[in-house]
Structures are given as structure tokens and as C-alpha cells.
$ cat input_4.txt   # compact mmCIF, C-alpha atoms and all ligand atoms
# COMPACT_ATOMS: atom_id res chain seq x y z
CA MET A 1 -0.48 7.63 1.56
CA ALA A 2 -1.46 10.06 -1.16
CA LEU A 3 -4.44 8.85 -3.17
CA ILE A 4 -4.04 11.76 -5.58
CA GLU A 5 -0.82 13.49 -6.62
CA VAL A 6 -1.20 16.43 -8.96
CA ARG A 7 1.86 18.13 -10.42
CA ALA A 8 2.07 21.26 -12.59
CA LEU A 9 -1.42 20.64 -13.91
CA LYS A 10 -2.44 23.01 -16.67
CA LYS A 11 -5.56 23.23 -18.75
CA THR A 12 -5.99 25.58 -21.66
CA PHE A 13 -9.11 26.05 -23.73
CA VAL A 14 -9.11 27.78 -27.07
CA HIS A 15 -12.33 29.68 -27.40
CA MET A 16 -13.13 31.73 -30.52
CA GLY A 17 -9.44 31.90 -31.38
CA ARG A 18 -8.43 33.11 -27.91
CA GLN A 19 -6.42 31.01 -25.48
CA LEU A 20 -7.93 30.67 -22.01
CA ASP A 21 -5.57 29.44 -19.28
CA VAL A 22 -8.10 27.89 -16.96
CA LEU A 23 -5.69 25.87 -14.79
CA ARG A 24 -2.28 27.51 -14.52
CA GLY A 25 -0.17 24.94 -12.73
CA ILE A 26 -1.82 23.12 -9.85
CA ASP A 27 0.22 21.11 -7.35
CA ILE A 28 -1.59 19.21 -4.64
CA ASP A 29 -1.58 15.89 -2.78
CA ILE A 30 -4.72 14.44 -1.29
CA ASP A 31 -4.47 11.50 1.09
CA GLN A 32 -6.66 8.44 1.22
CA GLY A 33 -9.53 9.21 3.61
CA GLU A 34 -9.36 12.99 3.45
CA VAL A 35 -12.36 15.27 3.04
CA VAL A 36 -11.39 18.43 1.15
CA ALA A 37 -13.55 21.44 0.29
CA PHE A 38 -12.69 23.46 -2.82
CA VAL A 39 -13.92 27.02 -2.71
CA GLY A 40 -13.40 30.11 -4.83
CA PRO A 41 -15.20 32.51 -7.12
CA SER A 42 -17.11 31.35 -10.15
CA GLY A 43 -14.74 30.83 -13.08
CA ALA A 44 -11.75 30.00 -10.83
CA GLY A 45 -11.36 26.59 -12.47
CA LYS A 46 -12.85 24.37 -9.74
CA SER A 47 -15.05 22.30 -12.04
CA THR A 48 -12.30 21.97 -14.63
CA PHE A 49 -9.94 20.69 -11.92
CA LEU A 50 -12.53 18.17 -10.72
CA HIS A 51 -13.14 16.98 -14.27
CA CYS A 52 -9.41 16.42 -14.83
CA ILE A 53 -9.07 14.44 -11.58
CA GLY A 54 -12.20 12.52 -12.50
CA THR A 55 -10.88 11.61 -15.98
CA LEU A 56 -13.83 13.41 -17.58
CA ASP A 57 -11.51 15.95 -19.16
CA LEU A 58 -7.87 15.79 -20.30
CA PRO A 59 -5.31 18.23 -18.92
CA SER A 60 -3.16 20.19 -21.39
CA SER A 61 0.01 19.36 -19.44
CA GLY A 62 1.20 18.18 -16.05
CA SER A 63 0.53 14.93 -14.28
CA ILE A 64 -2.16 13.31 -12.16
CA ARG A 65 -1.51 10.12 -10.25
CA LEU A 66 -4.63 8.46 -8.91
CA ALA A 67 -4.19 5.40 -6.67
CA GLY A 68 -0.77 4.87 -8.26
CA ASP A 69 -1.90 5.17 -11.89
CA GLU A 70 -0.57 8.06 -13.98
CA LEU A 71 -3.69 9.26 -15.78
CA THR A 72 -2.09 11.39 -18.46
CA GLY A 73 -1.29 9.29 -21.47
CA LEU A 74 -3.77 6.49 -20.76
CA SER A 75 -6.22 5.42 -23.45
CA GLY A 76 -9.88 6.37 -23.25
CA ALA A 77 -10.81 2.77 -22.47
CA LYS A 78 -8.33 2.52 -19.61
CA LEU A 79 -9.53 5.88 -18.22
CA ALA A 80 -13.13 4.70 -18.37
CA SER A 81 -12.23 1.59 -16.44
CA ILE A 82 -10.39 3.60 -13.75
CA ARG A 83 -13.34 5.99 -13.60
CA ASN A 84 -15.85 3.18 -13.13
CA LYS A 85 -13.77 1.36 -10.53
CA THR A 86 -12.33 4.19 -8.50
CA ILE A 87 -14.50 7.31 -8.74
CA GLY A 88 -18.04 8.30 -7.84
CA PHE A 89 -19.55 11.62 -8.95
CA VAL A 90 -22.25 13.86 -7.56
CA PHE A 91 -23.09 16.97 -9.57
CA GLN A 92 -25.23 20.00 -8.85
CA PHE A 93 -28.04 18.47 -10.86
CA HIS A 94 -28.67 14.88 -9.98
CA HIS A 95 -28.98 13.42 -13.51
CA LEU A 96 -31.16 10.58 -12.26
CA LEU A 97 -33.02 8.57 -14.87
CA PRO A 98 -36.65 9.72 -14.62
CA GLU A 99 -38.23 6.45 -15.74
CA PHE A 100 -36.47 4.35 -13.08
CA ASN A 101 -37.18 4.31 -9.36
CA ALA A 102 -34.69 5.23 -6.63
CA LEU A 103 -33.50 1.65 -6.12
CA GLU A 104 -32.98 1.10 -9.86
CA ASN A 105 -31.13 4.40 -10.20
CA VAL A 106 -28.77 3.42 -7.39
CA MET A 107 -28.20 -0.06 -8.87
CA MET A 108 -27.59 1.39 -12.35
CA PRO A 109 -23.77 1.82 -12.26
CA GLY A 110 -23.48 -1.89 -11.42
CA LEU A 111 -26.04 -2.99 -14.00
CA ILE A 112 -24.19 -1.00 -16.67
CA GLN A 113 -21.04 -2.92 -15.73
CA GLY A 114 -22.85 -6.19 -16.28
CA ARG A 115 -23.64 -7.09 -12.68
CA THR A 116 -27.01 -8.65 -12.00
CA ARG A 117 -29.99 -7.08 -10.25
CA ARG A 118 -29.57 -9.72 -7.56
CA GLU A 119 -26.00 -8.65 -6.91
CA MET A 120 -26.80 -4.94 -6.85
CA GLU A 121 -30.04 -4.96 -4.89
CA GLU A 122 -28.52 -5.45 -1.46
CA PRO A 123 -25.79 -2.75 -1.64
CA ALA A 124 -28.27 -0.33 -3.24
CA GLN A 125 -30.87 -0.91 -0.52
CA LYS A 126 -28.26 -0.56 2.19
CA LEU A 127 -27.08 2.77 0.79
CA LEU A 128 -30.60 4.12 0.40
CA HIS A 129 -31.11 3.19 4.01
CA GLU A 130 -27.90 5.00 5.01
CA VAL A 131 -28.95 8.19 3.24
CA GLY A 132 -32.32 8.06 5.01
CA LEU A 133 -34.46 6.98 2.06
CA ALA A 134 -35.47 3.46 3.10
CA ALA A 135 -39.12 4.50 2.72
CA ARG A 136 -38.63 5.96 -0.78
CA ILE A 137 -36.96 3.17 -2.71
CA THR A 138 -39.83 2.64 -5.15
CA HIS A 139 -40.30 6.36 -5.84
CA ARG A 140 -39.24 7.77 -9.19
CA PRO A 141 -37.17 10.99 -9.23
CA GLY A 142 -40.30 13.01 -10.07
CA GLU A 143 -41.86 11.74 -6.84
CA LEU A 144 -38.94 12.90 -4.68
CA SER A 145 -37.94 16.32 -3.31
CA GLY A 146 -34.76 18.04 -4.53
CA GLY A 147 -32.89 17.00 -1.39
CA GLU A 148 -34.09 13.41 -1.70
CA GLN A 149 -32.99 13.31 -5.33
CA GLN A 150 -29.50 14.43 -4.32
CA ARG A 151 -29.42 11.70 -1.67
CA VAL A 152 -30.26 9.14 -4.33
CA ALA A 153 -27.47 10.61 -6.47
CA LEU A 154 -25.08 10.24 -3.52
CA ALA A 155 -26.13 6.62 -2.97
CA ARG A 156 -25.66 5.93 -6.68
CA ALA A 157 -22.18 7.49 -6.61
CA LEU A 158 -21.15 5.18 -3.76
CA VAL A 159 -22.77 1.91 -4.81
CA LEU A 160 -19.62 0.46 -6.37
CA SER A 161 -17.57 1.52 -3.31
CA PRO A 162 -15.27 4.02 -5.06
CA LYS A 163 -12.12 5.14 -3.26
CA LEU A 164 -12.83 8.71 -4.33
CA LEU A 165 -16.02 10.76 -4.37
CA LEU A 166 -16.05 13.97 -6.41
CA ALA A 167 -18.91 16.35 -5.76
CA ASP A 168 -19.38 19.58 -7.72
CA GLU A 169 -21.67 21.94 -5.83
CA PRO A 170 -23.90 19.04 -4.74
CA THR A 171 -26.07 21.34 -2.66
CA GLY A 172 -25.96 24.33 -5.01
CA ASN A 173 -29.59 23.79 -5.82
CA LEU A 174 -30.93 23.11 -2.31
CA ASP A 175 -32.22 25.28 0.52
CA THR A 176 -30.02 25.86 3.58
CA ALA A 177 -31.53 23.24 5.90
CA THR A 178 -31.59 20.54 3.20
CA SER A 179 -28.07 21.33 2.17
CA GLY A 180 -26.92 21.14 5.82
CA SER A 181 -28.20 17.60 6.23
CA MET A 182 -26.71 16.64 2.86
CA HIS A 183 -23.32 17.89 4.05
CA GLU A 184 -23.67 15.81 7.21
CA LEU A 185 -24.17 12.78 4.99
CA PHE A 186 -20.88 13.42 3.21
CA PHE A 187 -19.06 13.39 6.56
CA GLN A 188 -20.93 10.29 7.64
CA MET A 189 -19.99 8.45 4.43
CA ASN A 190 -16.36 9.47 4.85
CA LYS A 191 -16.36 8.11 8.42
CA THR A 192 -18.23 4.87 7.83
CA ARG A 193 -16.74 3.96 4.44
CA GLY A 194 -13.40 5.76 4.46
CA THR A 195 -14.21 7.33 1.09
CA THR A 196 -11.91 10.19 0.11
CA ILE A 197 -14.14 13.17 -0.71
CA ILE A 198 -13.43 16.28 -2.75
CA VAL A 199 -16.36 18.67 -2.74
CA VAL A 200 -16.70 22.01 -4.48
CA THR A 201 -19.02 24.21 -2.49
CA HIS A 202 -20.24 27.76 -2.19
CA ASN A 203 -21.50 27.08 1.31
CA LEU A 204 -18.90 28.69 3.56
CA VAL A 205 -20.40 27.33 6.76
CA PHE A 206 -19.95 23.85 5.38
CA ALA A 207 -16.51 24.59 3.95
CA GLU A 208 -15.32 25.93 7.29
CA SER A 209 -16.46 22.78 9.05
CA MET A 210 -14.19 20.73 6.78
CA PRO A 211 -10.77 19.49 7.89
CA ARG A 212 -9.13 20.94 4.78
CA ILE A 213 -10.10 23.89 2.60
CA VAL A 214 -8.46 24.68 -0.73
CA ALA A 215 -9.20 28.13 -2.14
CA MET A 216 -8.80 28.54 -5.89
CA ARG A 217 -8.55 31.77 -7.83
CA ASP A 218 -7.74 32.40 -11.49
CA GLY A 219 -6.75 28.81 -12.15
CA ALA A 220 -4.35 28.50 -9.23
CA ILE A 221 -4.44 27.39 -5.60
CA GLU A 222 -4.49 30.54 -3.52
CA LYS A 223 -4.59 28.89 -0.09
CA ASP A 224 -4.59 25.35 1.28
CA THR A 225 -5.66 25.21 4.92
CA ARG A 226 -5.84 22.23 7.23
CA THR A 227 -7.96 22.83 10.31
CA THR A 228 -7.59 19.33 11.74
CA PRO A 229 -4.20 17.67 12.21
CA ARG A 230 -3.66 15.23 9.38
CA GLU A 231 -3.10 12.24 11.73
CA GLU A 232 -6.48 12.78 13.28
CA VAL A 233 -8.19 12.90 9.90
CA LEU A 234 -6.51 9.68 8.83
CA SER A 235 -7.57 7.79 11.93
CA SER A 236 -11.08 9.21 11.92
CA GLY A 237 -12.50 5.72 11.36
CA ALA A 238 -12.07 5.12 15.10
CA PRO A 239 -13.85 7.28 17.66
CA HIS A 240 -11.60 9.88 19.21
CA VAL A 241 -11.45 9.18 22.94
CA GLY A 242 -8.40 11.08 24.19
CA PRO A 243 -8.10 14.80 24.75
CA VAL A 244 -8.28 16.93 21.63
CA SER A 245 -4.84 16.63 20.08
CA THR A 246 -2.69 19.66 19.34
CA PRO A 247 -0.24 20.02 16.46
CA GLU A 248 2.58 19.79 19.06
CA ALA A 249 1.31 16.49 20.43
CA ASP A 250 0.92 15.09 16.92
CA ALA A 251 4.45 16.12 16.04
CA ALA A 252 5.86 13.82 18.76
CA PRO A 253 7.71 10.79 17.37
CA SER A 254 5.48 7.74 17.09
P1 LIG B 301 -15.64 27.16 -11.68
O1 LIG B 301 -16.14 25.77 -11.56
O2 LIG B 301 -14.60 27.51 -10.66
O3 LIG B 301 -16.74 28.18 -11.68
P2 LIG B 301 -14.85 26.34 -14.35
O4 LIG B 301 -13.80 25.32 -14.16
O5 LIG B 301 -16.21 25.88 -14.70
O6 LIG B 301 -14.88 27.32 -13.08
O7 LIG B 301 -14.41 27.35 -15.49
C1 LIG B 301 -13.20 28.06 -15.45
C2 LIG B 301 -13.08 28.92 -16.70
O8 LIG B 301 -12.93 28.07 -17.83
C3 LIG B 301 -14.29 29.78 -16.98
O9 LIG B 301 -13.83 31.05 -17.37
C4 LIG B 301 -14.99 29.07 -18.10
O10 LIG B 301 -15.67 29.97 -18.92
C5 LIG B 301 -13.85 28.39 -18.84
N1 LIG B 301 -14.27 27.14 -19.49
C6 LIG B 301 -14.74 26.03 -18.87
N2 LIG B 301 -15.01 25.05 -19.76
C7 LIG B 301 -14.70 25.56 -20.98
C8 LIG B 301 -14.76 25.04 -22.33
N3 LIG B 301 -15.19 23.78 -22.57
N4 LIG B 301 -14.37 25.85 -23.32
C9 LIG B 301 -13.92 27.11 -23.07
N5 LIG B 301 -13.84 27.64 -21.85
C10 LIG B 301 -14.23 26.90 -20.80
MG MG B 302 -18.05 25.01 -11.39
$ encode --input "input_4.txt" --output "C-alpha cells" --more "lines below"
Ligand code: ADP
Ligand code: MG
Amino acid sequence: MALIEVRALKKTFVHMGRQLDVLRGIDIDIDQGEVVAFVGPSGAGKSTFLHCIGTLDLPSSGSIRLAGDELTGLSGAKLASIRNKTIGFVFQFHHLLPEFNALENVMMPGLIQGRTRREMEEPAQKLLHEVGLAARITHRPGELSGGEQQRVALARALVLSPKLLLADEPTGNLDTATSGSMHELFFQMNKTRGTTIIVVTHNLVFAESMPRIVAMRDGAIEKDTRTTPREEVLSSGAPHVGPVSTPEADAAPS
């Protein structure tokens, strides 16, 4: 089932009296459980697209259905509630709160929603463990490396179990080795939690390891490539035991 259905999405900015067509009509479906890399030159509109999907920005026209809700036309309050319930974000810069430790930062989305520390402590600790930071939970951001800070940001994005994780160049600021292990974590989280992940990346090695790559240019989708048969992606929660499936085999009636 499609988690996201985007139709004829356009976004225009007016800057110093000039109209900038930043998204020029995007059509795409993304299924529950997919991992999709968005690539393309700087200025292609990748961040703008992510912000529209993530309800952080309003499109100029077109429609976005997210988990069955049509986003265009909803009130700010309704959008905020969908955002809090359904979407986690990881940005290039972690935006952690410097005066709180890793555990508190990860619990924060829940605390802001009025949940108690007691309720949030267990899921936050579990996530910090999953991202390999069990030994760093009392460290403040300033006492963590760049890669560790991004892991905390990933744990924070997932603590309320969103259906969708949006990541905008999450490793743009990290060295190659650190960014490699961060990318592994995205795959791991997709497998263990079934989270749908859209990640904008400049790292082509990572992008090419992804089951689906969408290339954007000048506000449009230039190419949408699936490297893994869709059925296999959808059932990736279970270990694959049979022979590697081919598109022909997957096309057989089920
Ligand atoms: P990408 O993430 O692919 O590098 P962006 O979505 O950030 O691209 O930006 C696409 C284009 O939209 C750029 O040319 C950028 O200058 C322009 N743009 C983005 N945000 C605004 C804004 N708030 N006002 C005017 N122009 C903007
Ligand atoms: Mg960008």
C-alpha cells in the first residue's frame, strides 16, 4: 500500500519580485516500508520536496496523501498533529539541545507531547542502545563526536515510532567511515522497525546500495530506479532464505 501519494506537486517561491519554480510537478508513490534515496544537484528541489512531504512547508499546488490523509488544505494544528504522530526528521545538522544529555534529547519529542519521563525513558534507552550509544546516554551533545550526535538525532527521530523517517543529508557533515556506519543504521532501522525512509544524500555509494533511487533535477523527477524487486523490499522484515528472486519470478501470479 502506498504510504505517500504525491500528484502534480508544485512549489513556487517569489524572491525579490521574481518567480522561482522550485518544484515543477512531482508525481510519485512511496510504499509503506520502502527505503528511497533522493539524489541530484544542489538546488534541484530535494529539500523543498522533503519539507512539503513533512508538512514543514506548504506546496503551491498539487496534492500529497500521507497515510490516507490529504495534507493540502489541512489546518496548521492538524498538520502539526500529523507531523508529530507520523513523521520523524533527521537533518544535516543535528539540532540537539546542548543543555540536555543524550537520553533527555531522545525523550524530548515525547515530553513535549506531555508524556512522562517514566514513559519515555525505556523507549529512549532502547533506541540509544540500538544506535550503539548505550555507553553515552548521560553525555551532552558537546561531549559527543559528530557521528554520535547524528546517532542521537536518529534515535530522537524514531522515539515516537513514526511511520515515516525523512532525512536531509544526514551524513553531509560526517567523514566517509562515520557516514557509512550511519547509513547502515538507516537500513537496520528500516528492517527492524519497518519504518519507511526517504533520505536525501550526496553519497553515491550509499545511494547505489539503496533499493530505490530517485534523481531530481530542476524541480522534477529525472529518473526513478528500483534495484530490488518491490515484493522483496516489502517482505524485508523476514530473512530472505530462497534463491535471489528475479523480476520474472516475482511477476508470477501469487
Ligand atoms: P536542494 O535541496 O536540492 O539543494 P532546495 O530545495 O533547497 O534544493 O532549493 C531549490 C531551489 O529553491 C534553490 O534554487 C533555492 O535557492 C530555492 N529556494 C529554497 N527555499 C527558498 C525560499 N524560502 N525562498 C526562495 N527560494 C528558495
Ligand atoms: Mg537540500
$ atom_distance --input "input_4.txt" --atom1 "atom CA of A:Leu165" --atom2 "atom CA of A:Leu20"
27.8 Å
$ closest_atom_pairs --input "input_4.txt" --of "chain A" --to "ligand LIG 301 (chain B)" --cutoff "6 Å" --atoms "only C-alpha atoms and all ligand atoms" --output "JSON lines"
{"residue": "A:Phe13", "atom": "CA", "partner": "B:LIG301", "partner_atom": "C9", "distance": 5.0}
{"residue": "A:His15", "atom": "CA", "partner": "B:LIG301", "partner_atom": "C9", "distance": 5.3}
{"residue": "A:Val22", "atom": "CA", "partner": "B:LIG301", "partner_atom": "O8", "distance": 4.9}
{"residue": "A:Ser42", "atom": "CA", "partner": "B:LIG301", "partner_atom": "O3", "distance": 3.5}
{"residue": "A:Gly43", "atom": "CA", "partner": "B:LIG301", "partner_atom": "O6", "distance": 3.5}
{"residue": "A:Ala44", "atom": "CA", "partner": "B:LIG301", "partner_atom": "O2", "distance": 3.8}
{"residue": "A:Gly45", "atom": "CA", "partner": "B:LIG301", "partner_atom": "O4", "distance": 3.2}
{"residue": "A:Lys46", "atom": "CA", "partner": "B:LIG301", "partner_atom": "O2", "distance": 3.7}
{"residue": "A:Ser47", "atom": "CA", "partner": "B:LIG301", "partner_atom": "O1", "distance": 3.7}
{"residue": "A:Thr48", "atom": "CA", "partner": "B:LIG301", "partner_atom": "O4", "distance": 3.7}
$ residues_around --input "input_4.txt" --residues "A:Glu208" --least-positions-apart "5" --cutoff "10 Å" --atoms "only C-alpha atoms" --output "PyMOL selection string"
chain A and resi 37+203+213+225+227
$ axis_aligned_box --input "input_4.txt" --around "stretch 73-89 of chain A" --padding-each-side "5 Å" --output "AutoDock Vina command-line options"
--center_x -10.4 --center_y 6.5 --center_z -15.6 --size_x 28.3 --size_y 20.3 --size_z 25.6
$ closest_residue --input "input_4.txt" --among "A:Leu50, A:Lys191, A:Arg140, A:Pro98" --to "ligand MG 302 (chain B)" --atoms "only C-alpha atoms and all ligand atoms"
A:Leu50
$ residues_around --input "input_4.txt" --residues "A:Asn190" --least-positions-apart "5" --cutoff "10 Å" --atoms "all atoms listed in the file" --output "PyMOL selection string"
chain A and resi 33-35+164-165+184-185+195-197+236-237
$ residues_around --input "input_4.txt" --residues "A:Leu97" --least-positions-apart "5" --cutoff "10 Å" --atoms "only C-alpha atoms" --output "list in words"
Ala102, Glu104, Asn105, Met108, Arg140, Pro141 and Gly142 of chain A
$ closest_residue --input "input_4.txt" --among "A:Thr178, A:Ser145, A:Asn84, A:Thr55" --to "A:Leu71" --atoms "all atoms listed in the file"
A:Thr55
$ residues_around --input "input_4.txt" --residues "stretch 130-132 of chain A" --least-positions-apart "6" --cutoff "10 Å" --atoms "all atoms listed in the file" --output "list in words"
Ala124, Glu148, Gln150, Arg151, Val152, Leu154, Ala155, Ser181, Met182, Leu185, Phe186, Gln188 and Met189 of chain A
$ closest_residue --input "input_4.txt" --among "A:His51, A:His129, A:Arg18, A:His183" --to "ligand MG 302 (chain B)" --atoms "only C-alpha atoms and all ligand atoms"
A:His51
$ atom_distance --input "input_4.txt" --atom1 "atom CA of A:Val159" --atom2 "atom CA of A:Val214"
27.2 Å
$ closest_residue --input "input_4.txt" --among "A:Phe206, A:Phe89, A:Phe49, A:Phe187" --to "ligand MG 302 (chain B)" --atoms "only C-alpha atoms and all ligand atoms"
A:Phe49
$ residues_near_point --input "input_4.txt" --point "(-0.7, 29.2, -14.4)" --cutoff "9 Å" --atoms "all atoms listed in the file" --output "PyMOL selection string"
chain A and resi 8-11+21-26+218-220
